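The file my_file_32.txt comes next; it holds compact mmCIF, C-alpha atoms.
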# COMPACT_ATOMS: atom_id res chain seq x y z
CA MET A 25 0.00 0.00 0.00
CA THR A 26 1.31 3.44 -0.86
CA PRO A 27 2.34 5.46 2.22
CA GLY A 28 -0.30 7.98 3.20
CA THR A 29 -3.27 6.07 1.75
CA GLY A 30 -5.82 3.76 3.28
CA ALA A 31 -6.31 2.53 6.81
CA GLU A 32 -2.72 1.31 7.15
CA GLY A 33 -1.46 4.88 7.32
CA HIS A 34 -3.48 5.42 10.52
CA GLU A 35 -2.20 2.38 12.39
CA TRP A 36 0.23 2.44 15.28
CA ARG A 37 3.36 0.56 14.17
CA GLY A 38 6.89 0.08 15.40
CA TRP A 39 9.47 2.37 13.85
CA ARG A 40 11.08 -0.50 11.97
CA THR A 41 7.93 -1.33 9.99
CA ALA A 42 6.93 2.29 9.54
CA ALA A 43 10.37 3.37 8.27
CA GLN A 44 10.69 0.32 5.99
CA GLU A 45 7.48 1.26 4.21
CA ALA A 46 8.25 4.99 4.13
CA LEU A 47 11.74 4.52 2.69
CA TYR A 48 11.44 1.47 0.47
CA GLY A 49 7.75 0.77 -0.14
CA THR A 50 5.80 1.76 -3.24
CA GLY A 51 6.32 5.50 -3.59
CA GLY A 52 8.91 5.44 -0.79
CA PHE A 53 11.60 8.05 -0.33
CA TYR A 54 14.43 5.95 -1.80
CA ARG A 55 12.46 5.21 -4.96
CA ARG A 56 12.44 8.87 -5.99
CA ASP A 57 14.15 9.87 -9.23
CA GLU A 58 16.52 12.39 -7.61
CA GLY A 59 18.19 9.79 -5.39
CA PRO A 60 20.00 10.45 -2.10
CA ALA A 61 22.19 13.19 -3.60
CA GLY A 62 19.09 15.34 -3.96
CA HIS A 63 18.70 15.50 -0.18
CA PHE A 64 22.03 15.05 1.59
CA ARG A 65 25.74 15.17 0.94
CA THR A 66 27.79 12.04 1.53
CA SER A 67 31.55 11.59 1.24
CA VAL A 68 30.99 10.26 -2.29
CA HIS A 69 29.34 13.52 -3.33
CA ALA A 70 31.81 15.72 -1.44
CA SER A 71 34.84 14.85 -3.55
CA SER A 72 36.15 12.43 -6.15
CA LEU A 73 39.03 11.91 -3.70
CA PHE A 74 36.78 9.51 -1.82
CA ALA A 75 36.25 7.25 -4.84
CA GLY A 76 39.98 7.46 -5.50
CA ALA A 77 40.72 6.27 -1.97
CA VAL A 78 38.27 3.38 -2.33
CA ALA A 79 39.93 2.48 -5.64
CA ARG A 80 43.30 2.34 -3.86
CA LEU A 81 41.75 0.14 -1.20
CA LEU A 82 40.43 -2.16 -3.92
CA CYS A 83 43.95 -2.35 -5.38
CA ARG A 84 45.29 -3.40 -1.97
CA VAL A 85 42.61 -6.08 -1.76
CA ASP A 86 43.57 -7.18 -5.28
CA GLU A 87 47.19 -7.56 -4.20
CA ALA A 88 46.23 -9.49 -1.07
CA LEU A 89 44.13 -11.83 -3.20
CA GLY A 90 47.02 -12.48 -5.57
CA ARG A 91 45.54 -10.47 -8.45
CA PRO A 92 42.71 -12.82 -9.43
CA ALA A 93 41.40 -13.04 -12.98
CA ALA A 94 38.13 -11.48 -11.79
CA LEU A 95 38.09 -8.87 -9.02
CA ASP A 96 34.69 -7.89 -7.58
CA PHE A 97 33.64 -4.48 -6.30
CA VAL A 98 30.22 -4.37 -4.63
CA ASP A 99 28.77 -0.94 -3.83
CA MET A 100 25.99 -1.34 -1.25
CA ALA A 101 23.21 1.28 -1.21
CA ALA A 102 24.67 2.66 -4.41
CA GLY A 103 22.37 5.64 -4.82
CA ARG A 104 22.71 6.44 -8.48
CA GLY A 105 25.98 4.56 -8.94
CA GLU A 106 28.27 7.51 -8.23
CA LEU A 107 30.80 5.57 -6.15
CA ALA A 108 30.96 2.54 -8.44
CA GLY A 109 31.51 4.79 -11.44
CA GLY A 110 34.14 6.83 -9.64
CA VAL A 111 36.04 3.76 -8.51
CA LEU A 112 36.14 2.31 -12.03
CA ALA A 113 37.40 5.64 -13.37
CA ALA A 114 40.15 5.83 -10.74
CA LEU A 115 41.49 2.28 -11.11
CA PRO A 116 44.66 1.55 -13.08
CA ALA A 117 43.69 0.21 -16.51
CA GLU A 118 45.00 -3.28 -15.79
CA VAL A 119 42.94 -3.58 -12.60
CA ALA A 120 39.85 -2.01 -14.15
CA ALA A 121 39.97 -4.57 -16.94
CA ARG A 122 39.60 -7.38 -14.37
CA THR A 123 37.04 -5.65 -12.16
CA ARG A 124 33.40 -6.67 -12.04
CA ALA A 125 31.44 -3.80 -10.52
CA TYR A 126 28.04 -4.26 -8.89
CA ALA A 127 25.75 -1.48 -7.68
CA VAL A 128 23.20 -2.70 -5.11
CA GLU A 129 20.14 -0.47 -4.85
CA ILE A 130 16.34 -0.88 -4.71
CA ALA A 131 15.67 1.98 -7.14
CA GLY A 132 15.82 1.40 -10.89
CA ARG A 133 19.04 1.65 -12.87
CA PRO A 134 19.75 5.28 -13.75
CA ALA A 135 20.09 6.28 -17.38
CA GLY A 136 23.62 6.74 -18.66
CA LEU A 137 25.31 4.60 -16.02
CA ASP A 138 28.62 3.02 -17.06
CA HIS A 139 27.73 -0.19 -18.89
CA ARG A 140 30.38 -2.07 -16.89
CA ILE A 141 28.33 -1.68 -13.70
CA GLU A 142 25.78 -4.42 -13.04
CA TRP A 143 22.68 -3.12 -11.23
CA LEU A 144 21.24 -5.45 -8.58
CA ALA A 145 18.64 -5.37 -5.83
CA SER A 146 20.81 -7.50 -3.49
CA PRO A 147 24.52 -8.28 -3.30
CA PRO A 148 25.76 -11.16 -5.47
CA GLU A 149 26.86 -14.34 -3.75
CA GLY A 150 30.38 -15.77 -3.78
CA THR A 151 32.28 -12.60 -4.63
CA THR A 152 36.03 -12.11 -4.35
CA GLY A 153 37.12 -8.55 -3.73
CA LEU A 154 35.73 -5.52 -1.87
CA LEU A 155 32.22 -4.97 -0.56
CA PHE A 156 31.80 -1.31 0.38
CA ALA A 157 28.74 0.05 2.22
CA ASN A 158 28.83 3.83 2.45
CA GLU A 159 25.92 5.13 4.57
CA TRP A 160 23.86 1.98 4.11
CA LEU A 161 23.38 0.72 7.65
CA ASP A 162 21.99 4.01 8.95
CA ASN A 163 19.03 3.46 6.61
CA VAL A 164 18.38 -0.12 7.69
CA PRO A 165 15.24 0.49 9.79
CA VAL A 166 15.35 -0.31 13.50
CA GLU A 167 12.94 -0.44 16.39
CA VAL A 168 13.12 2.38 18.92
CA ALA A 169 12.83 1.80 22.67
CA GLU A 170 11.97 4.34 25.37
CA VAL A 171 11.94 4.02 29.16
CA ASP A 172 8.51 4.62 30.71
CA SER A 173 7.70 6.21 34.08
CA ALA A 174 8.09 2.83 35.81
CA GLY A 175 11.60 2.36 34.43
CA THR A 176 10.61 -0.24 31.81
CA ALA A 177 11.97 -0.08 28.25
CA ARG A 178 9.05 -0.20 25.80
CA LEU A 179 8.84 -0.16 22.01
CA VAL A 180 7.95 3.21 20.54
CA LEU A 181 4.98 3.08 18.18
CA VAL A 182 4.38 5.70 15.52
CA ARG A 183 1.66 6.73 13.10
CA GLU A 184 2.25 7.93 9.59
CA GLU A 185 1.96 11.61 10.55
CA GLY A 186 4.73 11.13 13.16
CA ASN A 187 2.76 10.96 16.41
CA GLU A 188 4.22 8.47 18.89
CA ARG A 189 3.16 6.44 21.90
CA LEU A 190 4.71 3.63 23.92
CA GLY A 191 3.82 0.03 23.18
CA GLU A 192 4.70 -3.30 24.74
CA PRO A 193 7.84 -3.86 26.83
CA VAL A 194 10.89 -4.85 24.82
CA ASP A 195 11.45 -8.60 25.10
CA GLY A 196 13.22 -11.58 23.53
CA ASP A 197 16.22 -11.02 21.26
CA GLN A 198 15.63 -7.27 21.22
CA ALA A 199 15.78 -7.08 25.02
CA ARG A 200 18.94 -9.15 25.01
CA TRP A 201 20.47 -6.84 22.38
CA LEU A 202 19.68 -3.79 24.52
CA GLN A 203 21.15 -5.39 27.61
CA ARG A 204 24.36 -6.29 25.76
CA TRP A 205 24.89 -3.23 23.59
CA TRP A 206 22.77 -0.32 24.82
CA PRO A 207 21.53 -0.85 28.40
CA LEU A 208 19.02 1.80 29.40
CA PRO A 209 18.99 3.13 32.97
CA GLY A 210 15.54 3.29 34.51
CA GLU A 211 15.09 7.02 33.84
CA ALA A 212 11.88 7.94 32.03
CA GLY A 213 12.39 9.32 28.53
CA LEU A 214 15.76 7.73 27.77
CA ARG A 215 15.85 6.16 24.32
CA ALA A 216 17.80 3.66 22.26
CA GLU A 217 17.67 2.36 18.72
CA ILE A 218 17.71 -1.45 18.74
CA GLY A 219 20.36 -2.31 16.17
CA LEU A 220 19.64 -6.03 15.85
CA THR A 221 18.37 -5.70 12.27
CA ARG A 222 21.57 -3.88 11.28
CA ASP A 223 23.75 -6.56 12.84
CA GLU A 224 21.86 -9.16 10.81
CA ALA A 225 22.01 -7.12 7.61
CA TRP A 226 25.76 -6.63 7.94
CA ALA A 227 26.39 -10.30 8.69
CA SER A 228 24.35 -11.27 5.61
CA ALA A 229 26.30 -8.86 3.40
CA VAL A 230 29.67 -10.09 4.66
CA ALA A 231 28.55 -13.68 4.10
CA THR A 232 28.29 -13.00 0.35
CA LEU A 233 32.09 -12.54 0.23
CA GLU A 234 34.08 -15.67 -0.47
CA ARG A 235 37.37 -13.81 0.08
CA GLY A 236 38.20 -10.18 0.43
CA LEU A 237 37.26 -7.17 2.53
CA ALA A 238 33.95 -5.70 3.67
CA VAL A 239 33.77 -2.09 4.84
CA ALA A 240 30.82 -0.23 6.38
CA VAL A 241 31.08 3.56 6.65
CA ASP A 242 28.52 5.47 8.66
CA TYR A 243 27.59 7.93 11.37
CA ALA A 244 28.35 5.76 14.36
CA HIS A 245 28.67 5.46 18.13
CA THR A 246 30.15 2.86 20.45
CA ALA A 247 29.24 1.46 23.86
CA ASP A 248 31.32 4.01 25.74
CA ALA A 249 29.35 6.94 24.30
CA ARG A 250 25.79 5.98 23.38
CA PRO A 251 23.52 9.04 22.93
CA PRO A 252 21.03 9.07 25.83
CA PHE A 253 18.01 9.99 23.71
CA GLY A 254 18.90 8.14 20.52
CA THR A 255 19.60 9.67 17.12
CA LEU A 256 16.48 9.02 15.03
CA THR A 257 15.95 11.95 12.66
CA GLY A 258 14.87 12.94 9.18
CA PHE A 259 16.55 14.70 6.27
CA LEU A 260 14.93 16.59 3.41
CA GLU A 261 16.60 18.76 0.76
CA GLY A 262 19.84 19.00 2.69
CA ARG A 263 18.32 19.91 6.04
CA GLU A 264 17.67 17.92 9.18
CA THR A 265 13.99 17.61 9.96
CA THR A 266 11.60 15.63 12.15
CA ALA A 267 11.41 11.97 11.23
CA VAL A 268 7.93 11.40 9.79
CA PRO A 269 7.26 7.97 8.24
CA ASP A 270 5.06 9.11 5.35
CA GLY A 271 7.62 8.84 2.53
CA SER A 272 8.29 12.59 2.47
CA CYS A 273 11.80 12.49 4.00
CA ASP A 274 14.79 10.32 4.71
CA ILE A 275 14.65 8.51 8.06
CA THR A 276 17.99 7.68 9.59
CA ALA A 277 19.71 6.87 12.86
CA HIS A 278 23.38 6.54 13.76
CA VAL A 279 24.81 3.02 13.84
CA ALA A 280 26.12 1.00 16.77
CA LEU A 281 29.00 -0.25 14.62
CA ASP A 282 30.63 -2.09 17.51
CA ALA A 283 27.53 -4.28 17.74
CA CYS A 284 27.63 -4.96 13.98
CA ALA A 285 31.26 -6.08 14.02
CA LEU A 286 31.87 -9.76 13.41
CA PRO A 287 34.89 -11.57 14.92
CA GLY A 288 38.05 -9.92 13.64
CA GLY A 289 36.31 -6.69 12.69
CA ARG A 290 38.05 -3.39 13.39
CA LEU A 291 36.63 0.10 13.94
CA LEU A 292 38.43 3.31 13.09
CA PRO A 293 37.47 6.90 12.25
CA GLN A 294 37.22 7.96 8.62
CA ARG A 295 40.09 10.43 8.95
CA GLU A 296 42.42 7.61 9.99
CA ALA A 297 41.23 5.31 7.22
CA LEU A 298 41.56 7.98 4.52
CA HIS A 299 44.98 9.05 5.79
CA ALA A 300 46.07 5.41 5.39
CA LEU A 301 44.82 5.59 1.80
CA GLY A 302 46.69 8.77 0.95
CA VAL A 303 44.01 11.43 1.57
CA THR A 304 45.73 13.87 3.94
CA GLY A 305 44.50 17.39 3.25
CA ALA A 306 48.07 18.76 3.26
CA ARG A 307 48.34 22.16 1.61
CA PRO A 308 50.66 22.44 -1.41
CA PRO A 309 53.95 24.31 -0.95
CA LEU A 310 53.76 28.04 -1.63
CA THR A 311 56.70 27.75 -4.01
CA LEU A 312 54.38 25.91 -6.42
CA ALA A 313 52.28 29.08 -6.73
CA SER A 314 55.13 30.89 -8.42
CA THR A 315 56.46 28.01 -10.54
CA ASP A 316 53.10 26.56 -11.66
CA PRO A 317 50.11 28.70 -10.56
CA ALA A 318 47.51 26.45 -12.22
CA ALA A 319 48.88 23.34 -10.52
CA TYR A 320 48.92 25.22 -7.21
CA VAL A 321 45.24 26.14 -7.56
CA ARG A 322 44.32 22.53 -8.38
CA ALA A 323 46.37 21.21 -5.45
CA LEU A 324 44.81 23.76 -3.11
CA ALA A 325 41.29 22.75 -4.17
CA SER A 326 42.19 19.09 -3.66
CA ALA A 327 43.55 19.85 -0.21
CA GLY A 328 40.30 21.60 0.68
CA GLU A 329 38.27 18.60 -0.41
CA ALA A 330 40.54 16.24 1.53
CA ALA A 331 40.17 18.44 4.61
CA GLU A 332 36.37 18.18 4.35
CA LEU A 333 36.51 14.39 4.09
CA THR A 334 38.74 14.11 7.17
CA ALA A 335 37.50 17.02 9.30
CA PRO A 336 36.84 16.45 13.03
CA GLY A 337 33.21 17.21 13.80
CA GLY A 338 32.27 16.39 10.20
CA LEU A 339 32.86 13.63 7.69
CA GLY A 340 36.12 12.70 9.36
CA ASP A 341 34.18 11.46 12.38
CA PHE A 342 32.36 8.79 10.40
CA GLY A 343 33.11 5.28 11.61
CA TRP A 344 34.66 2.62 9.38
CA LEU A 345 34.00 -1.03 10.22
CA VAL A 346 36.62 -3.12 8.44
CA GLN A 347 35.93 -6.84 8.15
CA THR A 348 38.44 -9.20 6.54
CA VAL A 349 37.43 -12.49 4.91
CA GLY A 350 40.41 -14.73 4.30
CA ILE A 351 42.94 -11.93 3.70
CA PRO A 352 45.08 -9.64 5.92
CA ASP A 353 43.86 -6.21 7.05
CA VAL A 354 45.05 -4.22 4.04
CA LEU A 355 44.18 -0.88 5.68
CA SER A 356 47.07 -1.44 8.09
CA TRP A 357 49.64 -1.74 5.27

Go ahead and render the structure in this file as structure tokens.
Amino acid sequence: MTPGTGAEGHEWRGWRTAAQEALYGTGGFYRRDEGPAGHFRTSVHASSLFAGAVARLLCRVDEALGRPAALDFVDMAAGRGELAGGVLAALPAEVAARTRAYAVEIAGRPAGLDHRIEWLASPPEGTTGLLFANEWLDNVPVEVAEVDSAGTARLVLVREEGNERLGEPVDGDQARWLQRWWPLPGEAGLRAEIGLTRDEAWASAVATLERGLAVAVDYAHTADARPPFGTLTGFLEGRETTAVPDGSCDITAHVALDACALPGGRLLPQREALHALGVTGARPPLTLASTDPAAYVRALASAGEAAELTAPGGLGDFGWLVQTVGIPDVLSW
């Protein structure tokens, strides 16, 4: 049923079901023609330096794999294929010739996309290479819990127009997840997003890799600094707004990446990961301005873009979850 029509729109539902329909159902936010870039700016859209860094990471994975005849690059939540296209363009010709690129997205294939990119609704099985999920997990819908006046964590229910009320107490696997990863003190009004669905989604994505590296990049928090009132919010046309599950806006929440991590997974901030891949933001020497002014201007612009990608308080604070499958941790090279 299309969001906003019929009796379903007036039901009280958990945030997971409501957000799933609002984002991915018929007429949902992520099925719009403009794609994510029409509403918010990710690292992919900020600078081609990001795709270049991912291409270098793919080359490291290629080396660790022994340069296989076919090297896979899987772009999860691909938007309109910007990252996959940028990575292919940045690869050395010899590596690009062996690379099979897959863009995984629920929306239809955009016109004019590089013919080398295969467009899929789910990640292919048995791949060998790099699976990269930039700002995917924050849009995997989750249930929201809130502590009531008696100190009990209850599911938050929501109607299509955004009104909320408390439902049944959290129980079962969801209660166990909260206890392990986001325990809520008995203070009324405290909130948590139950990340169990994200843990499962990440594990399923990693399981499609036969050998290689899986990376999730997202707004994130860890057990030592969970936000006391959660992070559920909306975005529309570049601005943060109230999360309303009617298909009119993006609905997102930061990711408990430490809970998602499988055995052997490693967390690090984006600035550290990009520095390891050669994105530093260092300004060019002033002497270049006098010897080659045009090159100096280009280098200065590149440094500005690199600074944005690695800035504290901004994109540089994104978390990277790095998961190896049968190869060494190539980000530590």

message: Show me the residues around (35.2, 3.9, -6.8) - criterion: an atom at most 12 Å away, only C-alpha atoms counted - as a ChimeraX atom specification.
response: /A:67-69,71-83,96-100,102,105-116,120,123-127,141,154-158

Take the residues from that selection and put them in a file with C-alpha atoms, as a PDB file, keeping the file's coordinate frame.
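Contents of the output file again.pdb:
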ATOM      1  CA  SER A  67      31.550  11.590   1.240  1.00  0.00           C
ATOM      2  CA  VAL A  68      30.990  10.260  -2.290  1.00  0.00           C
ATOM      3  CA  HIS A  69      29.340  13.520  -3.330  1.00  0.00           C
ATOM      4  CA  SER A  71      34.840  14.850  -3.550  1.00  0.00           C
ATOM      5  CA  SER A  72      36.150  12.430  -6.150  1.00  0.00           C
ATOM      6  CA  LEU A  73      39.030  11.910  -3.700  1.00  0.00           C
ATOM      7  CA  PHE A  74      36.780   9.510  -1.820  1.00  0.00           C
ATOM      8  CA  ALA A  75      36.250   7.250  -4.840  1.00  0.00           C
ATOM      9  CA  GLY A  76      39.980   7.460  -5.500  1.00  0.00           C
ATOM     10  CA  ALA A  77      40.720   6.270  -1.970  1.00  0.00           C
ATOM     11  CA  VAL A  78      38.270   3.380  -2.330  1.00  0.00           C
ATOM     12  CA  ALA A  79      39.930   2.480  -5.640  1.00  0.00           C
ATOM     13  CA  ARG A  80      43.300   2.340  -3.860  1.00  0.00           C
ATOM     14  CA  LEU A  81      41.750   0.140  -1.200  1.00  0.00           C
ATOM     15  CA  LEU A  82      40.430  -2.160  -3.920  1.00  0.00           C
ATOM     16  CA  CYS A  83      43.950  -2.350  -5.380  1.00  0.00           C
ATOM     17  CA  ASP A  96      34.690  -7.890  -7.580  1.00  0.00           C
ATOM     18  CA  PHE A  97      33.640  -4.480  -6.300  1.00  0.00           C
ATOM     19  CA  VAL A  98      30.220  -4.370  -4.630  1.00  0.00           C
ATOM     20  CA  ASP A  99      28.770  -0.940  -3.830  1.00  0.00           C
ATOM     21  CA  MET A 100      25.990  -1.340  -1.250  1.00  0.00           C
ATOM     22  CA  ALA A 102      24.670   2.660  -4.410  1.00  0.00           C
ATOM     23  CA  GLY A 105      25.980   4.560  -8.940  1.00  0.00           C
ATOM     24  CA  GLU A 106      28.270   7.510  -8.230  1.00  0.00           C
ATOM     25  CA  LEU A 107      30.800   5.570  -6.150  1.00  0.00           C
ATOM     26  CA  ALA A 108      30.960   2.540  -8.440  1.00  0.00           C
ATOM     27  CA  GLY A 109      31.510   4.790 -11.440  1.00  0.00           C
ATOM     28  CA  GLY A 110      34.140   6.830  -9.640  1.00  0.00           C
ATOM     29  CA  VAL A 111      36.040   3.760  -8.510  1.00  0.00           C
ATOM     30  CA  LEU A 112      36.140   2.310 -12.030  1.00  0.00           C
ATOM     31  CA  ALA A 113      37.400   5.640 -13.370  1.00  0.00           C
ATOM     32  CA  ALA A 114      40.150   5.830 -10.740  1.00  0.00           C
ATOM     33  CA  LEU A 115      41.490   2.280 -11.110  1.00  0.00           C
ATOM     34  CA  PRO A 116      44.660   1.550 -13.080  1.00  0.00           C
ATOM     35  CA  ALA A 120      39.850  -2.010 -14.150  1.00  0.00           C
ATOM     36  CA  THR A 123      37.040  -5.650 -12.160  1.00  0.00           C
ATOM     37  CA  ARG A 124      33.400  -6.670 -12.040  1.00  0.00           C
ATOM     38  CA  ALA A 125      31.440  -3.800 -10.520  1.00  0.00           C
ATOM     39  CA  TYR A 126      28.040  -4.260  -8.890  1.00  0.00           C
ATOM     40  CA  ALA A 127      25.750  -1.480  -7.680  1.00  0.00           C
ATOM     41  CA  ILE A 141      28.330  -1.680 -13.700  1.00  0.00           C
ATOM     42  CA  LEU A 154      35.730  -5.520  -1.870  1.00  0.00           C
ATOM     43  CA  LEU A 155      32.220  -4.970  -0.560  1.00  0.00           C
ATOM     44  CA  PHE A 156      31.800  -1.310   0.380  1.00  0.00           C
ATOM     45  CA  ALA A 157      28.740   0.050   2.220  1.00  0.00           C
ATOM     46  CA  ASN A 158      28.830   3.830   2.450  1.00  0.00           C
TER      47      ASN A 158
END

Set the distance at 10 Å and use all atoms listed in the file: which residues neighbour Trp206 of chain A once local chain neighbours fewer than 5 positions away are removed? I'd like the list as a PDB file with C-alpha atoms, in the coordinates of the input.
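Listed below is the output, around.pdb:
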ATOM      1  CA  ALA A 199      15.780  -7.080  25.020  1.00  0.00           C
ATOM      2  CA  ARG A 200      18.940  -9.150  25.010  1.00  0.00           C
ATOM      3  CA  TRP A 201      20.470  -6.840  22.380  1.00  0.00           C
ATOM      4  CA  ARG A 215      15.850   6.160  24.320  1.00  0.00           C
ATOM      5  CA  ALA A 216      17.800   3.660  22.260  1.00  0.00           C
ATOM      6  CA  GLU A 217      17.670   2.360  18.720  1.00  0.00           C
ATOM      7  CA  ILE A 218      17.710  -1.450  18.740  1.00  0.00           C
ATOM      8  CA  GLY A 219      20.360  -2.310  16.170  1.00  0.00           C
ATOM      9  CA  THR A 246      30.150   2.860  20.450  1.00  0.00           C
ATOM     10  CA  ALA A 247      29.240   1.460  23.860  1.00  0.00           C
ATOM     11  CA  ASP A 248      31.320   4.010  25.740  1.00  0.00           C
ATOM     12  CA  ALA A 249      29.350   6.940  24.300  1.00  0.00           C
ATOM     13  CA  ARG A 250      25.790   5.980  23.380  1.00  0.00           C
ATOM     14  CA  PRO A 251      23.520   9.040  22.930  1.00  0.00           C
ATOM     15  CA  PRO A 252      21.030   9.070  25.830  1.00  0.00           C
ATOM     16  CA  ALA A 280      26.120   1.000  16.770  1.00  0.00           C
ATOM     17  CA  ALA A 283      27.530  -4.280  17.740  1.00  0.00           C
TER      18      ALA A 283
END

- prompt: In terms of the shortest atom-to-atom distance over all atoms listed in the file, which of A:Gly236, A:Pro293, A:Gly186, A:Gly350 is closest to Trp39 of chain A?
  reply: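 Smallest separation from Trp39 of chain A among the options: A:Gly186.
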
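A straight line drawn from atom CA of Ser272 of chain A to atom CA of Arg104 of chain A is 19.1 Å long.
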
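Distances here use all atoms listed in the file; by that measure, the residue among A:Leu345, A:Glu129, A:Phe259, A:Trp226 closest to His245 of chain A is A:Leu345.
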